[in-house]
$ cat start-v6.cif   # mmCIF, N, CA and C atoms
data_data
#
loop_
_atom_site.label_atom_id
_atom_site.label_comp_id
_atom_site.auth_asym_id
_atom_site.auth_seq_id
_atom_site.Cartn_x
_atom_site.Cartn_y
_atom_site.Cartn_z
N MET S 986 24.48 16.57 34.42
CA MET S 986 24.29 16.03 33.10
C MET S 986 24.75 17.04 32.05
N ALA S 987 25.43 16.59 31.09
CA ALA S 987 25.91 17.47 30.04
C ALA S 987 24.77 17.85 29.10
N PRO S 988 24.80 19.08 28.53
CA PRO S 988 23.73 19.50 27.62
C PRO S 988 23.63 18.59 26.38
N ASN S 989 24.72 17.95 26.03
CA ASN S 989 24.73 17.06 24.86
C ASN S 989 23.84 15.84 25.07
N THR S 990 23.70 15.39 26.29
CA THR S 990 22.91 14.19 26.60
C THR S 990 21.45 14.40 26.24
N THR S 991 20.89 15.56 26.56
CA THR S 991 19.50 15.86 26.24
C THR S 991 19.30 15.86 24.73
N GLN S 992 20.23 16.45 24.01
CA GLN S 992 20.13 16.48 22.55
C GLN S 992 20.21 15.07 21.97
N SER S 993 21.03 14.23 22.55
CA SER S 993 21.14 12.84 22.07
C SER S 993 19.85 12.08 22.29
N ILE S 994 19.22 12.29 23.44
CA ILE S 994 17.95 11.62 23.73
C ILE S 994 16.88 12.10 22.76
N GLU S 995 16.83 13.41 22.52
CA GLU S 995 15.85 13.95 21.57
C GLU S 995 16.08 13.40 20.17
N LEU S 996 17.32 13.32 19.76
CA LEU S 996 17.65 12.77 18.44
C LEU S 996 17.23 11.30 18.35
N ALA S 997 17.49 10.54 19.40
CA ALA S 997 17.10 9.13 19.41
C ALA S 997 15.59 8.98 19.32
N LEU S 998 14.85 9.84 20.02
CA LEU S 998 13.38 9.81 19.95
C LEU S 998 12.88 10.16 18.55
N ILE S 999 13.48 11.17 17.95
CA ILE S 999 13.07 11.57 16.59
C ILE S 999 13.34 10.44 15.60
N VAL S 1000 14.50 9.84 15.67
CA VAL S 1000 14.85 8.73 14.78
C VAL S 1000 13.91 7.55 15.02
N GLY S 1001 13.61 7.26 16.28
CA GLY S 1001 12.69 6.17 16.61
C GLY S 1001 11.31 6.41 16.04
N CYS S 1002 10.80 7.63 16.17
CA CYS S 1002 9.47 7.96 15.61
C CYS S 1002 9.48 7.84 14.09
N PHE S 1003 10.57 8.28 13.47
CA PHE S 1003 10.68 8.17 12.01
C PHE S 1003 10.64 6.71 11.58
N LEU S 1004 11.39 5.86 12.26
CA LEU S 1004 11.42 4.43 11.91
C LEU S 1004 10.07 3.76 12.13
N LEU S 1005 9.37 4.13 13.21
CA LEU S 1005 8.02 3.58 13.44
C LEU S 1005 7.07 4.01 12.33
N GLY S 1006 7.16 5.26 11.91
CA GLY S 1006 6.31 5.74 10.81
C GLY S 1006 6.63 5.02 9.52
N LEU S 1007 7.90 4.79 9.27
CA LEU S 1007 8.31 4.07 8.06
C LEU S 1007 7.79 2.64 8.09
N MET S 1008 7.87 1.99 9.24
CA MET S 1008 7.39 0.61 9.34
C MET S 1008 5.88 0.54 9.15
N SER S 1009 5.14 1.53 9.64
CA SER S 1009 3.68 1.51 9.47
C SER S 1009 3.32 1.74 8.01
N THR S 1010 4.09 2.55 7.29
CA THR S 1010 3.86 2.77 5.86
C THR S 1010 4.10 1.49 5.10
N ILE S 1011 5.16 0.78 5.43
CA ILE S 1011 5.45 -0.49 4.76
C ILE S 1011 4.33 -1.49 5.04
N ALA S 1012 3.82 -1.50 6.26
CA ALA S 1012 2.71 -2.40 6.60
C ALA S 1012 1.47 -2.05 5.80
N ASP S 1013 1.22 -0.74 5.58
CA ASP S 1013 0.07 -0.32 4.78
C ASP S 1013 0.19 -0.83 3.35
N PHE S 1014 1.39 -0.74 2.77
CA PHE S 1014 1.58 -1.22 1.40
C PHE S 1014 1.43 -2.73 1.33
N THR S 1015 1.86 -3.43 2.36
CA THR S 1015 1.72 -4.87 2.38
C THR S 1015 0.25 -5.25 2.37
N GLU S 1016 -0.55 -4.55 3.14
CA GLU S 1016 -2.00 -4.82 3.17
C GLU S 1016 -2.62 -4.52 1.81
N LEU S 1017 -2.23 -3.42 1.19
CA LEU S 1017 -2.76 -3.07 -0.13
C LEU S 1017 -2.35 -4.12 -1.16
N ASP S 1018 -1.11 -4.60 -1.09
CA ASP S 1018 -0.65 -5.65 -2.02
C ASP S 1018 -1.47 -6.92 -1.84
N LYS S 1019 -1.81 -7.25 -0.61
CA LYS S 1019 -2.64 -8.44 -0.37
C LYS S 1019 -4.04 -8.26 -0.93
N GLN S 1020 -4.58 -7.06 -0.82
CA GLN S 1020 -5.90 -6.80 -1.38
C GLN S 1020 -5.87 -6.86 -2.90
N ILE S 1021 -4.81 -6.34 -3.51
CA ILE S 1021 -4.67 -6.41 -4.96
C ILE S 1021 -4.53 -7.87 -5.39
N ALA S 1022 -3.77 -8.64 -4.64
CA ALA S 1022 -3.61 -10.07 -4.94
C ALA S 1022 -4.97 -10.77 -4.89
N GLN S 1023 -5.78 -10.43 -3.89
CA GLN S 1023 -7.11 -11.04 -3.79
C GLN S 1023 -7.97 -10.62 -4.98
N ALA S 1024 -7.84 -9.37 -5.43
CA ALA S 1024 -8.59 -8.92 -6.61
C ALA S 1024 -8.15 -9.69 -7.85
N LEU S 1025 -6.86 -9.99 -7.96
CA LEU S 1025 -6.36 -10.80 -9.08
C LEU S 1025 -6.98 -12.20 -9.04
N ILE S 1026 -6.99 -12.79 -7.87
CA ILE S 1026 -7.56 -14.14 -7.72
C ILE S 1026 -9.04 -14.13 -8.04
N ASP S 1027 -9.76 -13.12 -7.53
CA ASP S 1027 -11.20 -13.02 -7.80
C ASP S 1027 -11.48 -12.86 -9.29
N THR S 1028 -10.64 -12.09 -9.97
CA THR S 1028 -10.80 -11.89 -11.41
C THR S 1028 -10.56 -13.19 -12.16
N LEU S 1029 -9.53 -13.93 -11.77
CA LEU S 1029 -9.26 -15.21 -12.42
C LEU S 1029 -10.44 -16.17 -12.23
N ARG S 1030 -10.99 -16.18 -11.04
CA ARG S 1030 -12.15 -17.06 -10.78
C ARG S 1030 -13.36 -16.62 -11.59
N ALA S 1031 -13.60 -15.32 -11.64
CA ALA S 1031 -14.77 -14.81 -12.36
C ALA S 1031 -14.69 -15.15 -13.85
N LEU S 1032 -13.48 -15.12 -14.39
CA LEU S 1032 -13.30 -15.42 -15.82
C LEU S 1032 -13.00 -16.89 -16.08
N ARG S 1033 -12.91 -17.67 -15.00
CA ARG S 1033 -12.58 -19.10 -15.09
C ARG S 1033 -11.26 -19.33 -15.85
N MET S 1034 -10.28 -18.52 -15.50
CA MET S 1034 -8.95 -18.63 -16.12
C MET S 1034 -8.03 -19.41 -15.19
N GLU S 1035 -7.11 -20.13 -15.79
CA GLU S 1035 -6.06 -20.80 -15.04
C GLU S 1035 -5.00 -19.77 -14.66
N HIS S 1036 -4.29 -20.01 -13.59
CA HIS S 1036 -3.23 -19.09 -13.18
C HIS S 1036 -2.16 -18.98 -14.26
N LYS S 1037 -1.92 -20.05 -14.94
CA LYS S 1037 -0.91 -20.05 -16.00
C LYS S 1037 -1.29 -19.06 -17.11
N GLU S 1038 -2.59 -18.89 -17.35
CA GLU S 1038 -3.05 -17.94 -18.36
C GLU S 1038 -2.81 -16.50 -17.94
N ALA S 1039 -2.56 -16.29 -16.67
CA ALA S 1039 -2.29 -14.94 -16.17
C ALA S 1039 -0.81 -14.65 -16.07
N TYR S 1040 -0.07 -15.55 -15.43
CA TYR S 1040 1.33 -15.20 -15.18
C TYR S 1040 2.22 -15.31 -16.41
N LEU S 1041 1.89 -16.17 -17.36
CA LEU S 1041 2.71 -16.26 -18.57
C LEU S 1041 2.63 -15.01 -19.44
N PRO S 1042 1.43 -14.49 -19.76
CA PRO S 1042 1.40 -13.25 -20.55
C PRO S 1042 2.06 -12.07 -19.84
N MET S 1043 1.99 -12.07 -18.51
CA MET S 1043 2.60 -10.97 -17.77
C MET S 1043 4.11 -11.11 -17.65
N GLY S 1044 4.63 -12.27 -18.00
CA GLY S 1044 6.07 -12.46 -17.94
C GLY S 1044 6.59 -12.82 -16.56
N TYR S 1045 5.70 -13.25 -15.67
CA TYR S 1045 6.13 -13.69 -14.35
C TYR S 1045 6.45 -15.19 -14.41
N SER S 1046 7.40 -15.61 -13.59
CA SER S 1046 7.62 -17.05 -13.41
C SER S 1046 6.59 -17.54 -12.41
N LYS S 1047 6.48 -18.83 -12.26
CA LYS S 1047 5.51 -19.38 -11.32
C LYS S 1047 5.82 -18.93 -9.89
N GLY S 1048 7.12 -18.86 -9.56
CA GLY S 1048 7.54 -18.41 -8.23
C GLY S 1048 7.22 -16.94 -7.98
N GLU S 1049 7.49 -16.10 -8.99
CA GLU S 1049 7.17 -14.67 -8.86
C GLU S 1049 5.66 -14.48 -8.71
N TRP S 1050 4.89 -15.25 -9.48
CA TRP S 1050 3.44 -15.15 -9.43
C TRP S 1050 2.91 -15.51 -8.03
N SER S 1051 3.50 -16.54 -7.44
CA SER S 1051 3.05 -16.91 -6.09
C SER S 1051 3.39 -15.82 -5.09
N LYS S 1052 4.50 -15.10 -5.29
CA LYS S 1052 4.84 -13.98 -4.42
C LYS S 1052 3.86 -12.83 -4.61
N VAL S 1053 3.44 -12.59 -5.87
CA VAL S 1053 2.44 -11.55 -6.13
C VAL S 1053 1.13 -11.91 -5.44
N LEU S 1054 0.73 -13.18 -5.55
CA LEU S 1054 -0.55 -13.60 -4.96
C LEU S 1054 -0.52 -13.64 -3.44
N SER S 1055 0.66 -13.79 -2.86
CA SER S 1055 0.76 -13.78 -1.40
C SER S 1055 0.89 -12.35 -0.85
N GLY S 1056 1.11 -11.38 -1.76
CA GLY S 1056 1.25 -9.99 -1.33
C GLY S 1056 2.67 -9.62 -0.98
N ASP S 1057 3.62 -10.53 -1.24
CA ASP S 1057 5.03 -10.24 -0.95
C ASP S 1057 5.69 -9.41 -2.03
N LYS S 1058 5.06 -9.33 -3.20
CA LYS S 1058 5.63 -8.60 -4.32
C LYS S 1058 4.54 -7.74 -4.96
N HIS S 1059 4.91 -6.53 -5.36
CA HIS S 1059 3.96 -5.64 -6.03
C HIS S 1059 3.65 -6.19 -7.42
N VAL S 1060 2.40 -6.04 -7.85
CA VAL S 1060 2.05 -6.39 -9.22
C VAL S 1060 2.45 -5.21 -10.10
N SER S 1061 3.08 -5.50 -11.21
CA SER S 1061 3.52 -4.45 -12.12
C SER S 1061 2.38 -4.10 -13.07
N LEU S 1062 1.99 -2.83 -13.09
CA LEU S 1062 0.91 -2.41 -13.98
C LEU S 1062 1.34 -2.52 -15.44
N THR S 1063 2.63 -2.38 -15.70
CA THR S 1063 3.13 -2.56 -17.06
C THR S 1063 2.91 -3.99 -17.50
N ARG S 1064 3.21 -4.92 -16.63
CA ARG S 1064 2.99 -6.33 -16.95
C ARG S 1064 1.51 -6.66 -17.03
N LEU S 1065 0.73 -6.02 -16.18
CA LEU S 1065 -0.71 -6.24 -16.18
C LEU S 1065 -1.33 -5.83 -17.52
N SER S 1066 -0.76 -4.81 -18.14
CA SER S 1066 -1.30 -4.34 -19.42
C SER S 1066 -1.11 -5.35 -20.53
N ARG S 1067 -0.31 -6.38 -20.33
CA ARG S 1067 -0.10 -7.43 -21.34
C ARG S 1067 -1.21 -8.48 -21.33
N MET S 1068 -2.10 -8.38 -20.35
CA MET S 1068 -3.18 -9.36 -20.22
C MET S 1068 -4.25 -9.12 -21.29
N PRO S 1069 -5.05 -10.16 -21.58
CA PRO S 1069 -6.15 -9.97 -22.53
C PRO S 1069 -7.13 -8.90 -22.01
N MET S 1070 -7.79 -8.23 -22.94
CA MET S 1070 -8.67 -7.13 -22.57
C MET S 1070 -9.79 -7.59 -21.64
N ARG S 1071 -10.30 -8.79 -21.79
CA ARG S 1071 -11.37 -9.24 -20.91
C ARG S 1071 -10.91 -9.32 -19.46
N PHE S 1072 -9.64 -9.67 -19.23
CA PHE S 1072 -9.10 -9.71 -17.88
C PHE S 1072 -8.98 -8.29 -17.33
N ILE S 1073 -8.43 -7.40 -18.13
CA ILE S 1073 -8.24 -6.01 -17.69
C ILE S 1073 -9.58 -5.37 -17.38
N ALA S 1074 -10.58 -5.61 -18.25
CA ALA S 1074 -11.90 -5.02 -18.04
C ALA S 1074 -12.55 -5.53 -16.76
N GLU S 1075 -12.26 -6.76 -16.38
CA GLU S 1075 -12.81 -7.34 -15.14
C GLU S 1075 -12.02 -6.88 -13.91
N PHE S 1076 -10.70 -6.78 -14.05
CA PHE S 1076 -9.83 -6.47 -12.91
C PHE S 1076 -9.81 -4.98 -12.59
N TRP S 1077 -9.81 -4.14 -13.61
CA TRP S 1077 -9.58 -2.70 -13.42
C TRP S 1077 -10.55 -2.05 -12.44
N PRO S 1078 -11.87 -2.30 -12.52
CA PRO S 1078 -12.77 -1.68 -11.53
C PRO S 1078 -12.43 -2.10 -10.09
N ARG S 1079 -12.05 -3.34 -9.90
CA ARG S 1079 -11.67 -3.81 -8.56
C ARG S 1079 -10.42 -3.09 -8.08
N PHE S 1080 -9.45 -2.94 -8.97
CA PHE S 1080 -8.20 -2.27 -8.63
C PHE S 1080 -8.46 -0.80 -8.29
N LEU S 1081 -9.26 -0.12 -9.10
CA LEU S 1081 -9.56 1.29 -8.84
C LEU S 1081 -10.31 1.48 -7.52
N GLU S 1082 -11.18 0.55 -7.20
CA GLU S 1082 -11.89 0.61 -5.92
C GLU S 1082 -10.92 0.51 -4.75
N LEU S 1083 -9.96 -0.41 -4.86
CA LEU S 1083 -8.95 -0.56 -3.80
C LEU S 1083 -8.11 0.70 -3.65
N LYS S 1084 -7.68 1.25 -4.78
CA LYS S 1084 -6.85 2.46 -4.74
C LYS S 1084 -7.65 3.65 -4.20
N ALA S 1085 -8.94 3.74 -4.56
CA ALA S 1085 -9.77 4.83 -4.06
C ALA S 1085 -9.94 4.72 -2.55
N ARG S 1086 -10.19 3.50 -2.04
CA ARG S 1086 -10.31 3.31 -0.59
C ARG S 1086 -9.01 3.68 0.12
N GLU S 1087 -7.87 3.30 -0.47
CA GLU S 1087 -6.57 3.62 0.12
C GLU S 1087 -6.35 5.14 0.15
N PHE S 1088 -6.73 5.82 -0.93
CA PHE S 1088 -6.58 7.27 -1.01
C PHE S 1088 -7.45 7.95 0.05
N VAL S 1089 -8.71 7.53 0.19
CA VAL S 1089 -9.62 8.11 1.18
C VAL S 1089 -9.07 7.89 2.59
N ARG S 1090 -8.54 6.69 2.85
CA ARG S 1090 -7.97 6.41 4.16
C ARG S 1090 -6.79 7.32 4.46
N GLN S 1091 -5.93 7.56 3.45
CA GLN S 1091 -4.79 8.43 3.65
C GLN S 1091 -5.22 9.87 3.90
N VAL S 1092 -6.23 10.34 3.16
CA VAL S 1092 -6.73 11.70 3.35
C VAL S 1092 -7.32 11.85 4.75
N MET S 1093 -8.07 10.84 5.20
CA MET S 1093 -8.65 10.91 6.54
C MET S 1093 -7.57 10.87 7.62
N ASP S 1094 -6.53 10.05 7.41
CA ASP S 1094 -5.42 10.02 8.36
C ASP S 1094 -4.71 11.37 8.41
N ASP S 1095 -4.51 11.98 7.25
CA ASP S 1095 -3.86 13.29 7.19
C ASP S 1095 -4.73 14.35 7.87
N ALA S 1096 -6.04 14.28 7.65
CA ALA S 1096 -6.95 15.25 8.27
C ALA S 1096 -6.97 15.08 9.78
N ALA S 1097 -6.95 13.84 10.25
CA ALA S 1097 -6.94 13.59 11.69
C ALA S 1097 -5.65 14.11 12.32
N THR S 1098 -4.56 14.02 11.59
CA THR S 1098 -3.28 14.52 12.09
C THR S 1098 -3.27 16.04 12.07
N GLU S 1099 -3.86 16.65 11.05
CA GLU S 1099 -3.86 18.09 10.91
C GLU S 1099 -4.77 18.77 11.93
N ARG S 1100 -5.91 18.18 12.23
CA ARG S 1100 -6.87 18.78 13.15
C ARG S 1100 -6.28 19.07 14.53
N PRO S 1101 -5.65 18.09 15.19
CA PRO S 1101 -5.07 18.40 16.51
C PRO S 1101 -3.97 19.45 16.43
N ALA S 1102 -3.18 19.43 15.38
CA ALA S 1102 -2.12 20.41 15.25
C ALA S 1102 -2.72 21.80 15.10
N LYS S 1103 -3.78 21.91 14.30
CA LYS S 1103 -4.42 23.22 14.09
C LYS S 1103 -5.07 23.68 15.39
N SER S 1104 -5.73 22.80 16.11
CA SER S 1104 -6.37 23.16 17.39
C SER S 1104 -5.33 23.64 18.38
N HIS S 1105 -4.18 22.98 18.40
CA HIS S 1105 -3.10 23.37 19.31
C HIS S 1105 -2.60 24.77 18.97
N ARG S 1106 -2.44 25.07 17.67
CA ARG S 1106 -1.98 26.40 17.27
C ARG S 1106 -3.01 27.46 17.64
N GLU S 1107 -4.30 27.17 17.40
CA GLU S 1107 -5.35 28.15 17.70
C GLU S 1107 -5.41 28.43 19.21
N SER S 1108 -5.26 27.39 20.03
CA SER S 1108 -5.34 27.60 21.48
C SER S 1108 -4.12 28.35 22.00
N SER S 1109 -2.97 28.17 21.37
CA SER S 1109 -1.77 28.88 21.83
C SER S 1109 -1.80 30.35 21.39
N VAL S 1110 -2.51 30.67 20.30
CA VAL S 1110 -2.61 32.06 19.84
C VAL S 1110 -3.56 32.84 20.73
N ALA S 1111 -4.61 32.19 21.18
CA ALA S 1111 -5.65 32.88 21.98
C ALA S 1111 -5.19 33.23 23.35
#
$ encode --input "start-v6.cif" --output "structure tokens"
Amino acid sequence: MAPNTTQSIELALIVGCFLLGLMSTIADFTELDKQIAQALIDTLRALRMEHKEAYLPMGYSKGEWSKVLSGDKHVSLTRLSRMPMRFIAEFWPRFLELKAREFVRQVMDDAATERPAKSHRESSVA
């Protein structure tokens, strides 16, 4: 076997791991978008607002709004700021709670990844 073959296999494995990591990140954002969409729906229900009262001030078309609510499209915070203050006051705590949970999950994932790496380094030094 030529030495180049081993390097090609290693490169393919590295690229494959990178793509899997990228796909899992995209899946995480999709889940977060769905949670944000649910928070938007819950806020509309709590305030007894029609969907039209939400997507028109934000400048979304009906089709774009349905994509936001399905989690296929990110909600724009700039557009969200165009909403009446009562909507923002009701939605914002829900949004911050979602973002805080996402941040804590990422920190815990990073810590779980760091712990085995640190343990491996400590055992190899000893």
$ atom_distance --input "start-v6.cif" --atom1 "atom N of Leu1081 of chain S" --atom2 "atom C of Thr1063 of chain S"
15.3 Å
$ resolve_selection --input "start-v6.cif" --expression "the PyMOL selection byres (((chain S and resi 1067 and name CA) around 12) and name CA)" --output "MDAnalysis selection string"
chainID S and resid 1038:1045 1061:1066 1068:1073
$ resolve_selection --input "start-v6.cif" --expression "the PyMOL selection byres ((chain S and resi 1022-1033) around 8)" --output "PyMOL selection string"
chain S and resi 1016-1021+1034-1036+1039+1052-1056+1060+1071-1072+1075-1076+1079-1080
$ atom_distance --input "start-v6.cif" --atom1 "atom CA of His1059 of chain S" --atom2 "atom C of Lys1037 of chain S"
18.2 Å
$ atom_distance --input "start-v6.cif" --atom1 "atom C of Lys1058 of chain S" --atom2 "atom CA of Thr1015 of chain S"
8.4 Å
$ axis_aligned_box --input "start-v6.cif" --around "segment 1040-1056 of chain S" --padding-each-side "6 Å" --output "JSON"
{"center_x": 3.5, "center_y": -14.5, "center_z": -10.7, "size_x": 20.2, "size_y": 21.8, "size_z": 31.7}
